[in-house]
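*Asks:* Input structure: query_6.pdb, which contains PDB, C-alpha atoms, pLDDT in the B column.
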```
ATOM      1  CA  ALA A   1     104.719  21.937 -22.972  1.00 64.00           C
ATOM      2  CA  MET A   2     105.060  24.151 -19.870  1.00 66.00           C
ATOM      3  CA  LYS A   3     101.282  24.659 -19.715  1.00 71.00           C
ATOM      4  CA  ALA A   4     100.817  20.895 -19.812  1.00 73.00           C
ATOM      5  CA  GLY A   5     102.919  20.492 -16.669  1.00 72.00           C
ATOM      6  CA  ALA A   6     106.494  20.359 -17.923  1.00 78.00           C
ATOM      7  CA  VAL A   7     108.980  21.515 -15.304  1.00 73.00           C
ATOM      8  CA  ASP A   8     111.632  22.611 -17.762  1.00 77.00           C
ATOM      9  CA  PHE A   9     112.218  22.747 -21.480  1.00 78.00           C
ATOM     10  CA  LEU A  10     115.551  21.596 -22.841  1.00 82.00           C
ATOM     11  CA  THR A  11     116.652  22.318 -26.365  1.00 83.00           C
ATOM     12  CA  LYS A  12     118.849  19.896 -28.257  1.00 86.00           C
ATOM     13  CA  PRO A  13     121.695  19.398 -27.970  1.00 87.00           C
ATOM     14  CA  PHE A  14     121.672  19.480 -24.176  1.00 84.00           C
ATOM     15  CA  LYS A  15     124.365  18.618 -21.697  1.00 88.00           C
ATOM     16  CA  ASP A  16     123.970  15.668 -19.342  1.00 89.00           C
ATOM     17  CA  GLN A  17     124.094  18.030 -16.342  1.00 91.00           C
ATOM     18  CA  GLU A  18     121.161  20.035 -17.724  1.00 88.00           C
ATOM     19  CA  ILE A  19     118.898  17.000 -17.778  1.00 88.00           C
ATOM     20  CA  LEU A  20     120.083  15.917 -14.328  1.00 91.00           C
ATOM     21  CA  ASP A  21     119.348  19.412 -12.975  1.00 90.00           C
ATOM     22  CA  ALA A  22     115.891  19.409 -14.592  1.00 87.00           C
ATOM     23  CA  VAL A  23     115.063  16.011 -13.079  1.00 89.00           C
ATOM     24  CA  ALA A  24     116.332  17.123  -9.643  1.00 92.00           C
ATOM     25  CA  THR A  25     114.170  20.257  -9.835  1.00 88.00           C
ATOM     26  CA  ALA A  26     111.112  18.212 -10.798  1.00 87.00           C
ATOM     27  CA  ILE A  27     111.689  15.789  -7.917  1.00 91.00           C
ATOM     28  CA  GLU A  28     112.037  18.658  -5.422  1.00 93.00           C
ATOM     29  CA  ARG A  29     108.870  20.361  -6.672  1.00 90.00           C
ATOM     30  CA  ASP A  30     106.989  17.080  -6.400  1.00 90.00           C
ATOM     31  CA  ALA A  31     108.261  16.565  -2.836  1.00 94.00           C
ATOM     32  CA  VAL A  32     107.058  20.058  -1.870  1.00 94.00           C
ATOM     33  CA  ARG A  33     103.649  19.393  -3.471  1.00 91.00           C
ATOM     34  CA  ARG A  34     103.338  16.075  -1.647  1.00 94.00           C
ATOM     35  CA  ARG A  35     104.187  17.692   1.714  1.00 93.00           C
ATOM     36  CA  GLN A  36     101.594  20.399   1.123  1.00 90.00           C
ATOM     37  CA  ASN A  37      98.964  17.817   0.160  1.00 92.00           C
ATOM     38  CA  ALA A  38      99.748  15.737   3.252  1.00 92.00           C
ATOM     39  CA  GLN A  39      99.488  18.841   5.446  1.00 90.00           C
ATOM     40  CA  SER A  40      96.161  19.805   3.870  1.00 91.00           C
ATOM     41  CA  GLN A  41      94.773  16.307   4.349  1.00 93.00           C
ATOM     42  CA  ALA A  42      95.907  16.212   7.980  1.00 93.00           C
ATOM     43  CA  VAL A  43      94.251  19.555   8.739  1.00 94.00           C
ATOM     44  CA  ALA A  44      91.076  18.515   6.886  1.00 93.00           C
ATOM     45  CA  SER A  45      90.991  15.329   8.941  1.00 94.00           C
ATOM     46  CA  LEU A  46      91.260  17.309  12.188  1.00 95.00           C
ATOM     47  CA  ALA A  47      88.563  19.729  11.037  1.00 95.00           C
ATOM     48  CA  GLY A  48      86.371  16.798  10.072  1.00 94.00           C
ATOM     49  CA  SER A  49      86.262  15.765  13.724  1.00 95.00           C
ATOM     50  CA  LEU A  50      84.509  19.014  14.687  1.00 96.00           C
ATOM     51  CA  THR A  51      80.791  19.125  15.326  1.00 96.00           C
ATOM     52  CA  PRO A  52      78.758  21.579  13.224  1.00 96.00           C
ATOM     53  CA  ARG A  53      78.548  23.992  16.192  1.00 97.00           C
ATOM     54  CA  GLU A  54      82.301  23.737  16.804  1.00 97.00           C
ATOM     55  CA  ARG A  55      82.858  24.580  13.122  1.00 96.00           C
ATOM     56  CA  GLU A  56      80.688  27.671  13.525  1.00 96.00           C
ATOM     57  CA  VAL A  57      82.659  28.723  16.595  1.00 97.00           C
ATOM     58  CA  MET A  58      85.964  28.096  14.814  1.00 97.00           C
ATOM     59  CA  GLU A  59      84.875  30.204  11.835  1.00 96.00           C
ATOM     60  CA  ALA A  60      83.905  33.043  14.182  1.00 97.00           C
ATOM     61  CA  VAL A  61      87.190  32.807  16.115  1.00 96.00           C
ATOM     62  CA  VAL A  62      89.150  32.868  12.858  1.00 96.00           C
ATOM     63  CA  ARG A  63      87.196  35.977  11.823  1.00 95.00           C
ATOM     64  CA  GLY A  64      88.493  37.598  15.019  1.00 95.00           C
ATOM     65  CA  LEU A  65      85.262  37.747  17.001  1.00 96.00           C
ATOM     66  CA  MET A  66      85.347  37.786  20.788  1.00 96.00           C
ATOM     67  CA  ASN A  67      83.468  35.193  22.835  1.00 96.00           C
ATOM     68  CA  LYS A  68      80.650  37.656  23.606  1.00 97.00           C
ATOM     69  CA  GLN A  69      80.218  38.446  19.920  1.00 97.00           C
ATOM     70  CA  ILE A  70      80.226  34.764  18.993  1.00 97.00           C
ATOM     71  CA  ALA A  71      77.649  34.021  21.682  1.00 97.00           C
ATOM     72  CA  TYR A  72      75.367  36.770  20.401  1.00 97.00           C
ATOM     73  CA  GLU A  73      75.812  35.755  16.752  1.00 96.00           C
ATOM     74  CA  LEU A  74      75.078  32.072  17.442  1.00 96.00           C
ATOM     75  CA  GLY A  75      72.406  32.679  20.078  1.00 96.00           C
ATOM     76  CA  ILE A  76      74.209  30.711  22.796  1.00 97.00           C
ATOM     77  CA  SER A  77      75.758  31.609  26.139  1.00 96.00           C
ATOM     78  CA  GLU A  78      79.307  32.842  26.468  1.00 96.00           C
ATOM     79  CA  VAL A  79      80.114  29.848  28.690  1.00 97.00           C
ATOM     80  CA  THR A  80      78.982  27.520  25.909  1.00 97.00           C
ATOM     81  CA  VAL A  81      81.177  29.411  23.434  1.00 97.00           C
ATOM     82  CA  LYS A  82      84.161  28.922  25.757  1.00 97.00           C
ATOM     83  CA  LEU A  83      83.407  25.208  25.960  1.00 98.00           C
ATOM     84  CA  HIS A  84      83.164  24.856  22.163  1.00 97.00           C
ATOM     85  CA  ARG A  85      86.238  27.014  21.678  1.00 97.00           C
ATOM     86  CA  GLY A  86      88.236  24.766  23.999  1.00 97.00           C
ATOM     87  CA  ASN A  87      87.039  21.699  22.102  1.00 97.00           C
ATOM     88  CA  VAL A  88      88.037  23.318  18.805  1.00 97.00           C
ATOM     89  CA  MET A  89      91.526  24.106  20.091  1.00 97.00           C
ATOM     90  CA  ARG A  90      91.978  20.561  21.364  1.00 97.00           C
ATOM     91  CA  LYS A  91      90.582  18.818  18.287  1.00 97.00           C
ATOM     92  CA  MET A  92      92.528  21.048  15.890  1.00 96.00           C
ATOM     93  CA  GLU A  93      95.671  20.403  17.958  1.00 95.00           C
ATOM     94  CA  VAL A  94      96.566  24.067  18.402  1.00 96.00           C
ATOM     95  CA  ARG A  95      97.626  26.098  21.409  1.00 96.00           C
ATOM     96  CA  SER A  96      96.913  29.605  20.133  1.00 96.00           C
ATOM     97  CA  VAL A  97      94.445  31.444  17.952  1.00 95.00           C
ATOM     98  CA  ALA A  98      97.299  32.268  15.567  1.00 95.00           C
ATOM     99  CA  GLU A  99      97.921  28.546  15.022  1.00 95.00           C
ATOM    100  CA  LEU A 100      94.191  28.016  14.507  1.00 96.00           C
ATOM    101  CA  VAL A 101      94.114  30.768  11.894  1.00 95.00           C
ATOM    102  CA  ARG A 102      97.061  29.181  10.051  1.00 93.00           C
ATOM    103  CA  LYS A 103      95.294  25.820   9.984  1.00 94.00           C
ATOM    104  CA  ALA A 104      92.073  27.482   8.836  1.00 93.00           C
ATOM    105  CA  GLU A 105      94.031  29.101   5.997  1.00 92.00           C
ATOM    106  CA  VAL A 106      95.167  25.635   4.918  1.00 89.00           C
ATOM    107  CA  LEU A 107      91.497  24.638   4.792  1.00 86.00           C
ATOM    108  CA  GLY A 108      90.614  27.731   2.814  1.00 80.00           C
ATOM    109  CA  ASP A 109      87.087  29.204   2.663  1.00 62.00           C
ATOM    110  CA  GLY A 110      87.283  30.875   6.089  1.00 52.00           C
ATOM    111  CA  GLY A 111      88.031  27.727   8.047  1.00 52.00           C
ATOM    112  CA  ARG A 112      85.000  25.808   6.901  1.00 53.00           C
ATOM    113  CA  ALA A 113      85.855  22.139   6.936  1.00 47.00           C
ATOM    114  CA  PRO A 114      84.441  19.681   4.463  1.00 47.00           C
ATOM    115  CA  VAL A 115      81.408  17.998   5.956  1.00 44.00           C
ATOM    116  CA  SER A 116      81.882  14.247   6.175  1.00 41.00           C
TER     117      SER A 116
END
```
Here is the file; what I need is its structure written in the form of structure tokens.
*Replies:*
Amino acid sequence: AMKAGAVDFLTKPFKDQEILDAVATAIERDAVRRRQNAQSQAVASLAGSLTPREREVMEAVVRGLMNKQIAYELGISEVTVKLHRGNVMRKMEVRSVAELVRKAEVLGDGGRAPVS
């Protein structure tokens, strides 16, 4: 039953409080899951607004590369990297690289957003 998604297993006879506690636990777990899903969808929506080049820049920033390294890797100028990086920060609604990394972790797979 637990493998099939049961939150708790009560053996008969059970006390009324035991079933109330089990239901309360299930409701709390569901609320946490719903918050996490909403957060993931919100971040995916923000990432979906990025252009393909901005996604590449974001992935490189999340990997910890400096602007010069990103420019070399993508074959663009450092000024262009700074422009894309600023757009990424604005569109992802973050103020620091640490925040960007946390949002990229929510996306999984190195910050790659689903392509819409």
*Asks:* One decimal, in Å: what's the spacing between CA of Val101 in chain A and CA of Val61 in chain A?
*Replies:*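 Separation between CA of Val101 in chain A and CA of Val61 in chain A: 8.4 Å.
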*Asks:* Can you list, as a JSON list (two decimals) with C-alpha atoms, keeping the file's coordinate frame, every protein, DNA or RNA residue that comes within 9 Å of range 68-78 of chain A when you count all atoms listed in the file, leaving out same-chain residues fewer than 5 positions away?
*Replies:*
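The resulting around.json:
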```
[["chain", "number", "residue", "atom", "x", "y", "z"],
["A", 53, "ARG", "CA", 78.55, 23.99, 16.19],
["A", 56, "GLU", "CA", 80.69, 27.67, 13.52],
["A", 57, "VAL", "CA", 82.66, 28.72, 16.60],
["A", 60, "ALA", "CA", 83.90, 33.04, 14.18],
["A", 61, "VAL", "CA", 87.19, 32.81, 16.11],
["A", 83, "LEU", "CA", 83.41, 25.21, 25.96]]
```
*Asks:* Using all atoms listed in the file, find the one residue out of A:Arg102, A:Gly108, A:Thr25, A:Met92 that sits nearest to Ala42 in chain A.
*Replies:*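 When distances to Ala42 in chain A are compared using all atoms listed in the file, the smallest one comes from A:Met92.
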*Asks:* May I have the residues within 7 Å of Arg85 in chain A as a ChimeraX atom specification, using all atoms listed in the file and disregarding those fewer than 3 positions away in the same chain?
*Replies:* /A:57-58,81-82,88-89
*Asks:* For the structure shown, which residues end up in the PyMOL selection byres ((chain A and resi 43-48) around 12)? Put them as a PyMOL selection string, please?
*Replies:* chain A and resi 36-42+49-52+54-56+58-59+87-94+99-108+111-116
*Asks:* In terms of the shortest atom-to-atom distance over all atoms listed in the file, which of A:Ala6, A:Ala22, A:Ala31, A:Val62 is closest to Ser96 in chain A?
*Replies:*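 Looking only at the distances to Ser96 in chain A, the closest residue turns out to be A:Val62.
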*Asks:* Phe9 in chain A: which residues within 12 Å, counting all atoms listed in the file, same-chain residues fewer than 3 positions away excluded, as a PyMOL selection string?
*Replies:* chain A and resi 1-6+12-14+18-19+21-23+26
*Asks:* Let me have the centre and edge lengths in Å, one decimal, of the box along x, y and z around every listed atom of range 28-35 of chain A with 8 Å of margin on each side, as AutoDock Vina command-line options.
*Replies:*
```
--center_x 107.7 --center_y 18.2 --center_z -2.5 --size_x 24.7 --size_y 20.3 --size_z 24.4
```
*Asks:* Report the distance between CA of His84 in chain A and CA of Met66 in chain A in Å, rounded to one decimal place.
*Replies:*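 We find that CA of His84 in chain A and CA of Met66 in chain A lie 13.2 Å from each other.
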*Asks:* In Å, rounded to a single decimal, give me how far CA of Leu65 in chain A is from CA of Ala98 in chain A.
*Replies:*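 Going from CA of Ala98 in chain A over to CA of Leu65 in chain A covers 13.3 Å.
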*Asks:* Which one of A:Val7, A:Arg95, A:Lys15, A:Thr80 sits closest to Glu28 in chain A if you count all atoms listed in the file?
*Replies:*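 Nearest candidate to Glu28 in chain A out of A:Val7, A:Arg95, A:Lys15, A:Thr80: A:Val7.
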*Asks:* Using the incomplete input, complete range 73-104 of chain A to the level of N, CA and C atoms; output as an mmCIF file, in the frame of the given file.
*Replies:*
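result.cif, written as the output of this step:
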```cif
data_model
loop_
_atom_site.group_PDB
_atom_site.id
_atom_site.type_symbol
_atom_site.label_atom_id
_atom_site.label_comp_id
_atom_site.auth_asym_id
_atom_site.auth_seq_id
_atom_site.Cartn_x
_atom_site.Cartn_y
_atom_site.Cartn_z
ATOM 1 N N GLU A 73 76.042 36.148 18.151
ATOM 2 C CA GLU A 73 75.812 35.755 16.752
ATOM 3 C C GLU A 73 75.165 34.376 16.650
ATOM 4 N N LEU A 74 75.593 33.440 17.514
ATOM 5 C CA LEU A 74 75.078 32.072 17.442
ATOM 6 C C LEU A 74 73.879 31.836 18.356
ATOM 7 N N GLY A 75 73.556 32.811 19.186
ATOM 8 C CA GLY A 75 72.406 32.679 20.078
ATOM 9 C C GLY A 75 72.636 31.674 21.199
ATOM 10 N N ILE A 76 73.871 31.618 21.703
ATOM 11 C CA ILE A 76 74.209 30.711 22.796
ATOM 12 C C ILE A 76 74.907 31.511 23.881
ATOM 13 N N SER A 77 75.118 30.893 25.037
ATOM 14 C CA SER A 77 75.758 31.609 26.139
ATOM 15 C C SER A 77 77.263 31.691 25.914
ATOM 16 N N GLU A 78 77.861 32.664 26.576
ATOM 17 C CA GLU A 78 79.307 32.842 26.468
ATOM 18 C C GLU A 78 80.058 31.639 27.049
ATOM 19 N N VAL A 79 79.504 31.042 28.091
ATOM 20 C CA VAL A 79 80.114 29.848 28.690
ATOM 21 C C VAL A 79 80.138 28.699 27.669
ATOM 22 N N THR A 80 79.046 28.563 26.934
ATOM 23 C CA THR A 80 78.982 27.520 25.909
ATOM 24 C C THR A 80 79.990 27.791 24.800
ATOM 25 N N VAL A 81 80.171 29.049 24.438
ATOM 26 C CA VAL A 81 81.177 29.411 23.434
ATOM 27 C C VAL A 81 82.558 28.998 23.925
ATOM 28 N N LYS A 82 82.851 29.286 25.195
ATOM 29 C CA LYS A 82 84.161 28.922 25.757
ATOM 30 C C LYS A 82 84.368 27.413 25.721
ATOM 31 N N LEU A 83 83.324 26.667 26.002
ATOM 32 C CA LEU A 83 83.407 25.208 25.960
ATOM 33 C C LEU A 83 83.710 24.735 24.529
ATOM 34 N N HIS A 84 82.954 25.243 23.560
ATOM 35 C CA HIS A 84 83.164 24.856 22.163
ATOM 36 C C HIS A 84 84.548 25.304 21.682
ATOM 37 N N ARG A 85 84.936 26.484 22.091
ATOM 38 C CA ARG A 85 86.238 27.014 21.678
ATOM 39 C C ARG A 85 87.371 26.124 22.198
ATOM 40 N N GLY A 86 87.244 25.677 23.432
ATOM 41 C CA GLY A 86 88.236 24.766 23.999
ATOM 42 C C GLY A 86 88.276 23.447 23.241
ATOM 43 N N ASN A 87 87.102 22.932 22.888
ATOM 44 C CA ASN A 87 87.039 21.699 22.102
ATOM 45 C C ASN A 87 87.692 21.884 20.728
ATOM 46 N N VAL A 88 87.444 23.030 20.113
ATOM 47 C CA VAL A 88 88.037 23.318 18.805
ATOM 48 C C VAL A 88 89.559 23.326 18.912
ATOM 49 N N MET A 89 90.075 24.005 19.919
ATOM 50 C CA MET A 89 91.526 24.106 20.091
ATOM 51 C C MET A 89 92.137 22.719 20.306
ATOM 52 N N ARG A 90 91.468 21.907 21.085
ATOM 53 C CA ARG A 90 91.978 20.561 21.364
ATOM 54 C C ARG A 90 91.913 19.690 20.110
ATOM 55 N N LYS A 91 90.756 19.672 19.461
ATOM 56 C CA LYS A 91 90.582 18.818 18.287
ATOM 57 C C LYS A 91 91.453 19.254 17.105
ATOM 58 N N MET A 92 91.689 20.548 16.979
ATOM 59 C CA MET A 92 92.528 21.048 15.890
ATOM 60 C C MET A 92 94.014 20.996 16.257
ATOM 61 N N GLU A 93 94.291 20.567 17.482
ATOM 62 C CA GLU A 93 95.671 20.403 17.958
ATOM 63 C C GLU A 93 96.478 21.687 17.851
ATOM 64 N N VAL A 94 95.892 22.766 18.378
ATOM 65 C CA VAL A 94 96.566 24.067 18.402
ATOM 66 C C VAL A 94 96.575 24.610 19.823
ATOM 67 N N ARG A 95 97.516 25.505 20.076
ATOM 68 C CA ARG A 95 97.626 26.098 21.409
ATOM 69 C C ARG A 95 97.327 27.586 21.406
ATOM 70 N N SER A 96 97.194 28.173 20.212
ATOM 71 C CA SER A 96 96.913 29.605 20.133
ATOM 72 C C SER A 96 95.957 29.877 18.973
ATOM 73 N N VAL A 97 95.350 31.042 19.027
ATOM 74 C CA VAL A 97 94.445 31.444 17.952
ATOM 75 C C VAL A 97 95.239 31.624 16.651
ATOM 76 N N ALA A 98 96.463 32.100 16.767
ATOM 77 C CA ALA A 98 97.299 32.268 15.567
ATOM 78 C C ALA A 98 97.506 30.927 14.856
ATOM 79 N N GLU A 99 97.775 29.879 15.623
ATOM 80 C CA GLU A 99 97.921 28.546 15.022
ATOM 81 C C GLU A 99 96.617 28.100 14.370
ATOM 82 N N LEU A 100 95.496 28.384 15.044
ATOM 83 C CA LEU A 100 94.191 28.016 14.507
ATOM 84 C C LEU A 100 93.944 28.732 13.179
ATOM 85 N N VAL A 101 94.291 29.999 13.125
ATOM 86 C CA VAL A 101 94.114 30.768 11.894
ATOM 87 C C VAL A 101 94.959 30.175 10.774
ATOM 88 N N ARG A 102 96.201 29.789 11.082
ATOM 89 C CA ARG A 102 97.061 29.181 10.051
ATOM 90 C C ARG A 102 96.456 27.885 9.532
ATOM 91 N N LYS A 103 95.923 27.069 10.431
ATOM 92 C CA LYS A 103 95.294 25.820 9.984
ATOM 93 C C LYS A 103 94.030 26.105 9.182
ATOM 94 N N ALA A 104 93.282 27.117 9.584
ATOM 95 C CA ALA A 104 92.073 27.482 8.836
ATOM 96 C C ALA A 104 92.444 27.969 7.441
#
```
